[in-house]
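Note: the block below is protein10.cif and it holds mmCIF, N, CA and C atoms.
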data_input
#
loop_
_atom_site.label_atom_id
_atom_site.label_comp_id
_atom_site.auth_asym_id
_atom_site.auth_seq_id
_atom_site.Cartn_x
_atom_site.Cartn_y
_atom_site.Cartn_z
N LEU J 258 -30.11 -8.12 164.97
CA LEU J 258 -30.60 -7.04 164.15
C LEU J 258 -29.52 -6.04 163.79
N LYS J 259 -28.45 -6.03 164.57
CA LYS J 259 -27.38 -5.07 164.32
C LYS J 259 -26.73 -5.29 162.96
N ASN J 260 -26.62 -6.53 162.52
CA ASN J 260 -25.98 -6.83 161.24
C ASN J 260 -26.94 -6.85 160.07
N CYS J 261 -28.21 -6.60 160.32
CA CYS J 261 -29.22 -6.62 159.27
C CYS J 261 -29.33 -5.23 158.65
N PRO J 262 -29.27 -5.15 157.31
CA PRO J 262 -29.40 -3.83 156.66
C PRO J 262 -30.72 -3.15 157.05
N ALA J 263 -30.64 -1.87 157.31
CA ALA J 263 -31.81 -1.12 157.77
C ALA J 263 -32.95 -1.13 156.76
N ASN J 264 -32.64 -1.28 155.50
CA ASN J 264 -33.68 -1.25 154.47
C ASN J 264 -34.19 -2.64 154.11
N ASP J 265 -33.73 -3.68 154.79
CA ASP J 265 -34.18 -5.04 154.51
C ASP J 265 -35.31 -5.41 155.47
N ASN J 266 -36.51 -4.89 155.17
CA ASN J 266 -37.65 -5.10 156.05
C ASN J 266 -38.02 -6.57 156.19
N ALA J 267 -37.92 -7.32 155.11
CA ALA J 267 -38.28 -8.74 155.17
C ALA J 267 -37.37 -9.48 156.15
N GLU J 268 -36.08 -9.21 156.09
CA GLU J 268 -35.14 -9.89 156.98
C GLU J 268 -35.33 -9.43 158.43
N GLN J 269 -35.52 -8.14 158.63
CA GLN J 269 -35.78 -7.63 159.98
C GLN J 269 -37.03 -8.28 160.56
N SER J 270 -38.06 -8.35 159.75
CA SER J 270 -39.31 -8.94 160.17
C SER J 270 -39.14 -10.41 160.55
N ARG J 271 -38.39 -11.15 159.75
CA ARG J 271 -38.14 -12.57 160.01
C ARG J 271 -37.39 -12.75 161.33
N ILE J 272 -36.37 -11.94 161.53
CA ILE J 272 -35.56 -12.05 162.75
C ILE J 272 -36.41 -11.72 163.98
N LEU J 273 -37.16 -10.64 163.91
CA LEU J 273 -38.01 -10.25 165.04
C LEU J 273 -39.08 -11.30 165.32
N PHE J 274 -39.65 -11.87 164.27
CA PHE J 274 -40.66 -12.92 164.40
C PHE J 274 -40.07 -14.12 165.14
N GLU J 275 -38.92 -14.59 164.68
CA GLU J 275 -38.30 -15.76 165.30
C GLU J 275 -37.87 -15.48 166.73
N ARG J 276 -37.34 -14.27 166.97
CA ARG J 276 -36.93 -13.93 168.32
C ARG J 276 -38.15 -13.82 169.24
N GLY J 277 -39.24 -13.26 168.71
CA GLY J 277 -40.48 -13.17 169.49
C GLY J 277 -40.99 -14.53 169.91
N ILE J 278 -40.94 -15.48 169.00
CA ILE J 278 -41.36 -16.85 169.33
C ILE J 278 -40.45 -17.43 170.41
N THR J 279 -39.16 -17.19 170.27
CA THR J 279 -38.21 -17.68 171.27
C THR J 279 -38.50 -17.08 172.64
N PHE J 280 -38.74 -15.77 172.68
CA PHE J 280 -39.08 -15.14 173.95
C PHE J 280 -40.36 -15.73 174.54
N ALA J 281 -41.36 -15.95 173.70
CA ALA J 281 -42.61 -16.54 174.19
C ALA J 281 -42.38 -17.94 174.74
N ASN J 282 -41.54 -18.70 174.07
CA ASN J 282 -41.26 -20.08 174.51
C ASN J 282 -40.56 -20.13 175.86
N ILE J 283 -39.79 -19.10 176.18
CA ILE J 283 -39.13 -19.08 177.49
C ILE J 283 -39.92 -18.21 178.49
N GLN J 284 -41.15 -17.92 178.12
CA GLN J 284 -42.11 -17.18 178.95
C GLN J 284 -41.68 -15.76 179.27
N ASN J 285 -40.92 -15.16 178.36
CA ASN J 285 -40.59 -13.74 178.48
C ASN J 285 -41.58 -13.00 177.58
N PHE J 286 -42.81 -12.89 178.06
CA PHE J 286 -43.91 -12.41 177.25
C PHE J 286 -43.80 -10.93 176.91
N ASP J 287 -43.21 -10.14 177.78
CA ASP J 287 -43.04 -8.71 177.48
C ASP J 287 -42.12 -8.51 176.28
N LYS J 288 -41.03 -9.26 176.24
CA LYS J 288 -40.09 -9.16 175.11
C LYS J 288 -40.73 -9.72 173.84
N ALA J 289 -41.48 -10.81 173.97
CA ALA J 289 -42.17 -11.37 172.80
C ALA J 289 -43.13 -10.34 172.22
N LEU J 290 -43.86 -9.68 173.09
CA LEU J 290 -44.81 -8.66 172.65
C LEU J 290 -44.09 -7.50 171.95
N GLU J 291 -42.95 -7.09 172.48
CA GLU J 291 -42.17 -6.02 171.84
C GLU J 291 -41.78 -6.42 170.42
N ASP J 292 -41.32 -7.66 170.25
CA ASP J 292 -40.91 -8.10 168.92
C ASP J 292 -42.10 -8.25 167.99
N TYR J 293 -43.21 -8.79 168.48
CA TYR J 293 -44.41 -8.90 167.63
C TYR J 293 -44.88 -7.51 167.21
N ASN J 294 -44.86 -6.55 168.12
CA ASN J 294 -45.25 -5.19 167.77
C ASN J 294 -44.33 -4.59 166.72
N ALA J 295 -43.03 -4.86 166.85
CA ALA J 295 -42.06 -4.35 165.87
C ALA J 295 -42.31 -4.94 164.48
N VAL J 296 -42.63 -6.23 164.44
CA VAL J 296 -42.95 -6.85 163.14
C VAL J 296 -44.17 -6.19 162.54
N LEU J 297 -45.18 -5.95 163.35
CA LEU J 297 -46.42 -5.36 162.83
C LEU J 297 -46.24 -3.90 162.42
N LYS J 298 -45.24 -3.22 162.96
CA LYS J 298 -44.92 -1.87 162.46
C LYS J 298 -44.36 -1.95 161.05
N ILE J 299 -43.57 -2.99 160.80
CA ILE J 299 -42.99 -3.19 159.47
C ILE J 299 -44.05 -3.66 158.49
N ASN J 300 -44.87 -4.62 158.94
CA ASN J 300 -45.90 -5.20 158.07
C ASN J 300 -47.17 -5.44 158.88
N PRO J 301 -48.08 -4.47 158.88
CA PRO J 301 -49.32 -4.60 159.67
C PRO J 301 -50.20 -5.76 159.23
N ASN J 302 -49.98 -6.27 158.04
CA ASN J 302 -50.81 -7.36 157.53
C ASN J 302 -50.17 -8.73 157.72
N ASN J 303 -49.20 -8.84 158.61
CA ASN J 303 -48.60 -10.13 158.91
C ASN J 303 -49.55 -10.87 159.86
N HIS J 304 -50.42 -11.69 159.26
CA HIS J 304 -51.48 -12.33 160.03
C HIS J 304 -50.94 -13.35 161.02
N LYS J 305 -49.86 -14.00 160.69
CA LYS J 305 -49.29 -14.99 161.61
C LYS J 305 -48.83 -14.32 162.90
N VAL J 306 -48.14 -13.20 162.77
CA VAL J 306 -47.66 -12.48 163.96
C VAL J 306 -48.84 -11.88 164.72
N ARG J 307 -49.81 -11.36 163.99
CA ARG J 307 -50.98 -10.79 164.67
C ARG J 307 -51.73 -11.88 165.45
N LEU J 308 -51.80 -13.08 164.88
CA LEU J 308 -52.44 -14.19 165.57
C LEU J 308 -51.65 -14.58 166.83
N LEU J 309 -50.33 -14.64 166.70
CA LEU J 309 -49.51 -14.95 167.87
C LEU J 309 -49.67 -13.89 168.95
N ARG J 310 -49.73 -12.63 168.53
CA ARG J 310 -49.90 -11.55 169.50
C ARG J 310 -51.28 -11.64 170.17
N ALA J 311 -52.30 -11.94 169.39
CA ALA J 311 -53.65 -12.10 169.96
C ALA J 311 -53.67 -13.23 170.97
N ASP J 312 -53.04 -14.34 170.63
CA ASP J 312 -52.97 -15.47 171.57
C ASP J 312 -52.21 -15.08 172.83
N LEU J 313 -51.16 -14.32 172.68
CA LEU J 313 -50.39 -13.86 173.83
C LEU J 313 -51.27 -12.98 174.73
N PHE J 314 -51.99 -12.05 174.10
CA PHE J 314 -52.90 -11.20 174.87
C PHE J 314 -53.95 -12.05 175.60
N ALA J 315 -54.51 -13.01 174.91
CA ALA J 315 -55.61 -13.79 175.47
C ALA J 315 -55.16 -14.75 176.57
N HIS J 316 -54.02 -15.39 176.36
CA HIS J 316 -53.64 -16.48 177.24
C HIS J 316 -52.59 -16.13 178.30
N THR J 317 -51.90 -15.03 178.13
CA THR J 317 -50.86 -14.72 179.12
C THR J 317 -51.12 -13.42 179.86
N THR J 318 -51.56 -12.40 179.16
CA THR J 318 -51.80 -11.12 179.83
C THR J 318 -53.27 -10.92 180.19
N GLN J 319 -54.12 -11.80 179.68
CA GLN J 319 -55.57 -11.70 179.87
C GLN J 319 -56.12 -10.34 179.43
N ASP J 320 -55.46 -9.74 178.44
CA ASP J 320 -55.95 -8.48 177.87
C ASP J 320 -56.87 -8.86 176.71
N TYR J 321 -58.09 -9.23 177.09
CA TYR J 321 -59.03 -9.78 176.11
C TYR J 321 -59.48 -8.74 175.09
N LYS J 322 -59.52 -7.49 175.49
CA LYS J 322 -59.92 -6.44 174.54
C LYS J 322 -58.92 -6.38 173.38
N LYS J 323 -57.62 -6.39 173.69
CA LYS J 323 -56.61 -6.35 172.64
C LYS J 323 -56.61 -7.64 171.83
N ALA J 324 -56.85 -8.76 172.50
CA ALA J 324 -56.91 -10.04 171.78
C ALA J 324 -58.05 -10.01 170.78
N VAL J 325 -59.21 -9.55 171.19
CA VAL J 325 -60.37 -9.49 170.29
C VAL J 325 -60.09 -8.53 169.13
N GLU J 326 -59.41 -7.42 169.41
CA GLU J 326 -59.07 -6.48 168.34
C GLU J 326 -58.20 -7.16 167.28
N ASP J 327 -57.19 -7.91 167.73
CA ASP J 327 -56.32 -8.59 166.77
C ASP J 327 -57.06 -9.70 166.03
N TYR J 328 -57.83 -10.51 166.75
CA TYR J 328 -58.59 -11.57 166.08
C TYR J 328 -59.56 -10.97 165.07
N SER J 329 -60.22 -9.90 165.45
CA SER J 329 -61.19 -9.24 164.55
C SER J 329 -60.50 -8.68 163.32
N TYR J 330 -59.32 -8.10 163.52
CA TYR J 330 -58.57 -7.56 162.39
C TYR J 330 -58.25 -8.67 161.39
N ILE J 331 -57.77 -9.79 161.91
CA ILE J 331 -57.42 -10.92 161.04
C ILE J 331 -58.64 -11.40 160.28
N ILE J 332 -59.73 -11.61 160.99
CA ILE J 332 -60.96 -12.11 160.35
C ILE J 332 -61.43 -11.13 159.29
N GLY J 333 -61.33 -9.84 159.58
CA GLY J 333 -61.75 -8.83 158.61
C GLY J 333 -60.89 -8.78 157.36
N GLN J 334 -59.64 -9.18 157.47
CA GLN J 334 -58.72 -9.12 156.33
C GLN J 334 -58.75 -10.37 155.46
N LEU J 335 -59.15 -11.48 156.02
CA LEU J 335 -59.10 -12.73 155.29
C LEU J 335 -60.44 -13.07 154.66
N LYS J 336 -60.36 -13.78 153.58
CA LYS J 336 -61.57 -14.27 152.94
C LYS J 336 -62.11 -15.44 153.73
N GLU J 337 -63.37 -15.74 153.52
CA GLU J 337 -64.01 -16.84 154.23
C GLU J 337 -63.21 -18.14 154.09
N GLY J 338 -62.98 -18.79 155.20
CA GLY J 338 -62.28 -20.07 155.18
C GLY J 338 -60.77 -19.97 155.25
N GLU J 339 -60.22 -18.78 155.19
CA GLU J 339 -58.76 -18.63 155.19
C GLU J 339 -58.16 -18.48 156.58
N TYR J 340 -58.97 -18.28 157.60
CA TYR J 340 -58.45 -17.98 158.93
C TYR J 340 -57.48 -19.04 159.43
N TYR J 341 -57.88 -20.28 159.40
CA TYR J 341 -57.00 -21.33 159.92
C TYR J 341 -55.83 -21.58 158.99
N LEU J 342 -56.01 -21.36 157.71
CA LEU J 342 -54.89 -21.51 156.78
C LEU J 342 -53.81 -20.49 157.06
N ALA J 343 -54.21 -19.27 157.42
CA ALA J 343 -53.22 -18.22 157.72
C ALA J 343 -52.39 -18.60 158.93
N ALA J 344 -53.00 -19.26 159.89
CA ALA J 344 -52.29 -19.66 161.10
C ALA J 344 -51.26 -20.75 160.81
N LEU J 345 -51.49 -21.51 159.78
CA LEU J 345 -50.59 -22.62 159.46
C LEU J 345 -49.43 -22.23 158.57
N LYS J 346 -49.52 -21.10 157.92
CA LYS J 346 -48.47 -20.68 156.98
C LYS J 346 -47.26 -20.20 157.71
#

Could I get this structure in the form of structure tokens?
Amino acid sequence: LKNCPANDNAEQSRILFERGITFANIQNFDKALEDYNAVLKINPNNHKVRLLRADLFAHTTQDYKKAVEDYSYIIGQLKEGEYYLAALK
């Protein structure tokens, strides 16, 4: 992130997203959560990251309240039938 221009939100978001996935894959869930939160500060409507964060809450931290909040947010934002498509994009 040090070499990424401060005003390039798309690039910052991409880097944080990929790093968050990497952290999750090596089971560093606290760092993954930090990166997912940072992406959502840049773009609160990033459904893929919100879904990953919800899954992290549900399956690793067992913070079901936060997981339900994220899942509910996604469902509320998407049109009928788009939920699984958003996860695949």

- request: Record the distance separating atom N of J:Asn300 and atom CA of J:Gln334, expressed in Å with one decimal.
  value: 14.8 Å

Computed interatomic separation between atom N of J:Gly277 and atom N of J:Tyr293 (Å): 6.0 Å

- request: Name the residues that the PyMOL selection byres (((chain J and resi 297 and name CA) around 12) and name CA) pulls out of this structure, and write them as a count of residues only.
  value: 29

- prompt: Quick one: which residues end up in the PyMOL selection byres (((chain J and resi 313 and name CA) around 10) and name CA) for this structure, as a ChimeraX atom specification?
  reply: /J:281,286-287,289-290,293,307-312,314-321,323-324

- prompt: Can you list, as an NGL selection string, every residue of stretch 259-330 of chain J that DSSP puts in helix (DSSP H, G or I)?
  reply: :J and (266-282 or 286-299 or 304-318 or 321-330)

message: Would you compute the distance between atom CA of J:Tyr328 and atom CA of J:Glu268? Give it in Å to one decimal.
response: 25.2 Å

Save stretch 271-317 of chain J of the structure in the block above to a file, with N, CA and C atoms included, as a PDB file, in the first residue's frame.
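What landed in part.pdb:
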ATOM      1  N   ARG J 271      -8.405  -3.091  -4.071  1.00  0.00           N
ATOM      2  CA  ARG J 271      -7.986  -4.363  -4.658  1.00  0.00           C
ATOM      3  C   ARG J 271      -6.860  -4.989  -3.835  1.00  0.00           C
ATOM      4  N   ILE J 272      -5.887  -4.176  -3.468  1.00  0.00           N
ATOM      5  CA  ILE J 272      -4.742  -4.675  -2.701  1.00  0.00           C
ATOM      6  C   ILE J 272      -5.201  -5.180  -1.328  1.00  0.00           C
ATOM      7  N   LEU J 273      -6.019  -4.400  -0.648  1.00  0.00           N
ATOM      8  CA  LEU J 273      -6.519  -4.801   0.667  1.00  0.00           C
ATOM      9  C   LEU J 273      -7.368  -6.067   0.576  1.00  0.00           C
ATOM     10  N   PHE J 274      -8.183  -6.170  -0.462  1.00  0.00           N
ATOM     11  CA  PHE J 274      -9.013  -7.350  -0.684  1.00  0.00           C
ATOM     12  C   PHE J 274      -8.139  -8.592  -0.839  1.00  0.00           C
ATOM     13  N   GLU J 275      -7.153  -8.506  -1.713  1.00  0.00           N
ATOM     14  CA  GLU J 275      -6.282  -9.657  -1.957  1.00  0.00           C
ATOM     15  C   GLU J 275      -5.457 -10.015  -0.723  1.00  0.00           C
ATOM     16  N   ARG J 276      -4.978  -8.992  -0.017  1.00  0.00           N
ATOM     17  CA  ARG J 276      -4.205  -9.261   1.191  1.00  0.00           C
ATOM     18  C   ARG J 276      -5.092  -9.883   2.267  1.00  0.00           C
ATOM     19  N   GLY J 277      -6.336  -9.403   2.368  1.00  0.00           N
ATOM     20  CA  GLY J 277      -7.276  -9.975   3.330  1.00  0.00           C
ATOM     21  C   GLY J 277      -7.529 -11.447   3.067  1.00  0.00           C
ATOM     22  N   ILE J 278      -7.691 -11.801   1.809  1.00  0.00           N
ATOM     23  CA  ILE J 278      -7.879 -13.212   1.451  1.00  0.00           C
ATOM     24  C   ILE J 278      -6.641 -14.017   1.830  1.00  0.00           C
ATOM     25  N   THR J 279      -5.477 -13.460   1.563  1.00  0.00           N
ATOM     26  CA  THR J 279      -4.230 -14.144   1.918  1.00  0.00           C
ATOM     27  C   THR J 279      -4.145 -14.366   3.420  1.00  0.00           C
ATOM     28  N   PHE J 280      -4.462 -13.333   4.193  1.00  0.00           N
ATOM     29  CA  PHE J 280      -4.443 -13.482   5.648  1.00  0.00           C
ATOM     30  C   PHE J 280      -5.436 -14.561   6.099  1.00  0.00           C
ATOM     31  N   ALA J 281      -6.626 -14.565   5.511  1.00  0.00           N
ATOM     32  CA  ALA J 281      -7.620 -15.575   5.881  1.00  0.00           C
ATOM     33  C   ALA J 281      -7.117 -16.977   5.546  1.00  0.00           C
ATOM     34  N   ASN J 282      -6.464 -17.111   4.405  1.00  0.00           N
ATOM     35  CA  ASN J 282      -5.959 -18.424   3.986  1.00  0.00           C
ATOM     36  C   ASN J 282      -4.879 -18.970   4.914  1.00  0.00           C
ATOM     37  N   ILE J 283      -4.130 -18.076   5.550  1.00  0.00           N
ATOM     38  CA  ILE J 283      -3.109 -18.543   6.495  1.00  0.00           C
ATOM     39  C   ILE J 283      -3.622 -18.463   7.943  1.00  0.00           C
ATOM     40  N   GLN J 284      -4.931 -18.316   8.062  1.00  0.00           N
ATOM     41  CA  GLN J 284      -5.644 -18.309   9.338  1.00  0.00           C
ATOM     42  C   GLN J 284      -5.247 -17.165  10.256  1.00  0.00           C
ATOM     43  N   ASN J 285      -4.850 -16.042   9.661  1.00  0.00           N
ATOM     44  CA  ASN J 285      -4.613 -14.823  10.433  1.00  0.00           C
ATOM     45  C   ASN J 285      -5.881 -13.986  10.301  1.00  0.00           C
ATOM     46  N   PHE J 286      -6.919 -14.405  11.027  1.00  0.00           N
ATOM     47  CA  PHE J 286      -8.244 -13.848  10.849  1.00  0.00           C
ATOM     48  C   PHE J 286      -8.361 -12.405  11.331  1.00  0.00           C
ATOM     49  N   ASP J 287      -7.597 -12.026  12.337  1.00  0.00           N
ATOM     50  CA  ASP J 287      -7.634 -10.636  12.801  1.00  0.00           C
ATOM     51  C   ASP J 287      -7.143  -9.682  11.716  1.00  0.00           C
ATOM     52  N   LYS J 288      -6.058 -10.052  11.050  1.00  0.00           N
ATOM     53  CA  LYS J 288      -5.523  -9.213   9.966  1.00  0.00           C
ATOM     54  C   LYS J 288      -6.467  -9.213   8.766  1.00  0.00           C
ATOM     55  N   ALA J 289      -7.053 -10.362   8.467  1.00  0.00           N
ATOM     56  CA  ALA J 289      -8.018 -10.434   7.366  1.00  0.00           C
ATOM     57  C   ALA J 289      -9.187  -9.490   7.641  1.00  0.00           C
ATOM     58  N   LEU J 290      -9.672  -9.518   8.866  1.00  0.00           N
ATOM     59  CA  LEU J 290     -10.787  -8.651   9.245  1.00  0.00           C
ATOM     60  C   LEU J 290     -10.404  -7.176   9.126  1.00  0.00           C
ATOM     61  N   GLU J 291      -9.197  -6.829   9.530  1.00  0.00           N
ATOM     62  CA  GLU J 291      -8.729  -5.443   9.391  1.00  0.00           C
ATOM     63  C   GLU J 291      -8.762  -5.005   7.929  1.00  0.00           C
ATOM     64  N   ASP J 292      -8.274  -5.868   7.039  1.00  0.00           N
ATOM     65  CA  ASP J 292      -8.257  -5.506   5.622  1.00  0.00           C
ATOM     66  C   ASP J 292      -9.660  -5.454   5.043  1.00  0.00           C
ATOM     67  N   TYR J 293     -10.520  -6.390   5.399  1.00  0.00           N
ATOM     68  CA  TYR J 293     -11.910  -6.348   4.911  1.00  0.00           C
ATOM     69  C   TYR J 293     -12.594  -5.073   5.396  1.00  0.00           C
ATOM     70  N   ASN J 294     -12.370  -4.695   6.645  1.00  0.00           N
ATOM     71  CA  ASN J 294     -12.959  -3.457   7.165  1.00  0.00           C
ATOM     72  C   ASN J 294     -12.444  -2.239   6.408  1.00  0.00           C
ATOM     73  N   ALA J 295     -11.152  -2.240   6.086  1.00  0.00           N
ATOM     74  CA  ALA J 295     -10.572  -1.115   5.342  1.00  0.00           C
ATOM     75  C   ALA J 295     -11.182  -1.003   3.950  1.00  0.00           C
ATOM     76  N   VAL J 296     -11.398  -2.140   3.304  1.00  0.00           N
ATOM     77  CA  VAL J 296     -12.042  -2.119   1.979  1.00  0.00           C
ATOM     78  C   VAL J 296     -13.444  -1.539   2.098  1.00  0.00           C
ATOM     79  N   LEU J 297     -14.169  -1.955   3.115  1.00  0.00           N
ATOM     80  CA  LEU J 297     -15.548  -1.482   3.271  1.00  0.00           C
ATOM     81  C   LEU J 297     -15.620  -0.009   3.661  1.00  0.00           C
ATOM     82  N   LYS J 298     -14.559   0.536   4.246  1.00  0.00           N
ATOM     83  CA  LYS J 298     -14.515   1.983   4.476  1.00  0.00           C
ATOM     84  C   LYS J 298     -14.398   2.726   3.149  1.00  0.00           C
ATOM     85  N   ILE J 299     -13.645   2.144   2.226  1.00  0.00           N
ATOM     86  CA  ILE J 299     -13.478   2.748   0.904  1.00  0.00           C
ATOM     87  C   ILE J 299     -14.753   2.582   0.083  1.00  0.00           C
ATOM     88  N   ASN J 300     -15.320   1.376   0.124  1.00  0.00           N
ATOM     89  CA  ASN J 300     -16.514   1.073  -0.670  1.00  0.00           C
ATOM     90  C   ASN J 300     -17.453   0.194   0.151  1.00  0.00           C
ATOM     91  N   PRO J 301     -18.397   0.808   0.862  1.00  0.00           N
ATOM     92  CA  PRO J 301     -19.321   0.044   1.706  1.00  0.00           C
ATOM     93  C   PRO J 301     -20.203  -0.928   0.929  1.00  0.00           C
ATOM     94  N   ASN J 302     -20.319  -0.734  -0.369  1.00  0.00           N
ATOM     95  CA  ASN J 302     -21.170  -1.597  -1.182  1.00  0.00           C
ATOM     96  C   ASN J 302     -20.399  -2.705  -1.885  1.00  0.00           C
ATOM     97  N   ASN J 303     -19.201  -3.009  -1.418  1.00  0.00           N
ATOM     98  CA  ASN J 303     -18.435  -4.116  -1.983  1.00  0.00           C
ATOM     99  C   ASN J 303     -19.001  -5.405  -1.385  1.00  0.00           C
ATOM    100  N   HIS J 304     -19.943  -6.007  -2.115  1.00  0.00           N
ATOM    101  CA  HIS J 304     -20.664  -7.160  -1.593  1.00  0.00           C
ATOM    102  C   HIS J 304     -19.773  -8.380  -1.429  1.00  0.00           C
ATOM    103  N   LYS J 305     -18.792  -8.534  -2.280  1.00  0.00           N
ATOM    104  CA  LYS J 305     -17.901  -9.688  -2.179  1.00  0.00           C
ATOM    105  C   LYS J 305     -17.124  -9.636  -0.862  1.00  0.00           C
ATOM    106  N   VAL J 306     -16.593  -8.470  -0.531  1.00  0.00           N
ATOM    107  CA  VAL J 306     -15.837  -8.332   0.717  1.00  0.00           C
ATOM    108  C   VAL J 306     -16.769  -8.455   1.916  1.00  0.00           C
ATOM    109  N   ARG J 307     -17.947  -7.879   1.806  1.00  0.00           N
ATOM    110  CA  ARG J 307     -18.896  -7.986   2.916  1.00  0.00           C
ATOM    111  C   ARG J 307     -19.290  -9.450   3.150  1.00  0.00           C
ATOM    112  N   LEU J 308     -19.434 -10.210   2.066  1.00  0.00           N
ATOM    113  CA  LEU J 308     -19.745 -11.626   2.191  1.00  0.00           C
ATOM    114  C   LEU J 308     -18.587 -12.387   2.842  1.00  0.00           C
ATOM    115  N   LEU J 309     -17.369 -12.085   2.421  1.00  0.00           N
ATOM    116  CA  LEU J 309     -16.206 -12.724   3.041  1.00  0.00           C
ATOM    117  C   LEU J 309     -16.118 -12.387   4.521  1.00  0.00           C
ATOM    118  N   ARG J 310     -16.400 -11.131   4.851  1.00  0.00           N
ATOM    119  CA  ARG J 310     -16.354 -10.718   6.256  1.00  0.00           C
ATOM    120  C   ARG J 310     -17.448 -11.430   7.054  1.00  0.00           C
ATOM    121  N   ALA J 311     -18.634 -11.536   6.479  1.00  0.00           N
ATOM    122  CA  ALA J 311     -19.727 -12.243   7.160  1.00  0.00           C
ATOM    123  C   ALA J 311     -19.352 -13.696   7.400  1.00  0.00           C
ATOM    124  N   ASP J 312     -18.769 -14.332   6.393  1.00  0.00           N
ATOM    125  CA  ASP J 312     -18.333 -15.724   6.557  1.00  0.00           C
ATOM    126  C   ASP J 312     -17.260 -15.835   7.639  1.00  0.00           C
ATOM    127  N   LEU J 313     -16.368 -14.876   7.681  1.00  0.00           N
ATOM    128  CA  LEU J 313     -15.325 -14.877   8.701  1.00  0.00           C
ATOM    129  C   LEU J 313     -15.953 -14.760  10.091  1.00  0.00           C
ATOM    130  N   PHE J 314     -16.899 -13.833  10.224  1.00  0.00           N
ATOM    131  CA  PHE J 314     -17.595 -13.690  11.507  1.00  0.00           C
ATOM    132  C   PHE J 314     -18.303 -14.996  11.888  1.00  0.00           C
ATOM    133  N   ALA J 315     -18.978 -15.596  10.937  1.00  0.00           N
ATOM    134  CA  ALA J 315     -19.788 -16.783  11.231  1.00  0.00           C
ATOM    135  C   ALA J 315     -18.949 -18.014  11.526  1.00  0.00           C
ATOM    136  N   HIS J 316     -17.885 -18.205  10.772  1.00  0.00           N
ATOM    137  CA  HIS J 316     -17.173 -19.474  10.836  1.00  0.00           C
ATOM    138  C   HIS J 316     -15.878 -19.451  11.654  1.00  0.00           C
ATOM    139  N   THR J 317     -15.362 -18.283  11.948  1.00  0.00           N
ATOM    140  CA  THR J 317     -14.097 -18.261  12.693  1.00  0.00           C
ATOM    141  C   THR J 317     -14.217 -17.576  14.047  1.00  0.00           C
TER     142      THR J 317
END
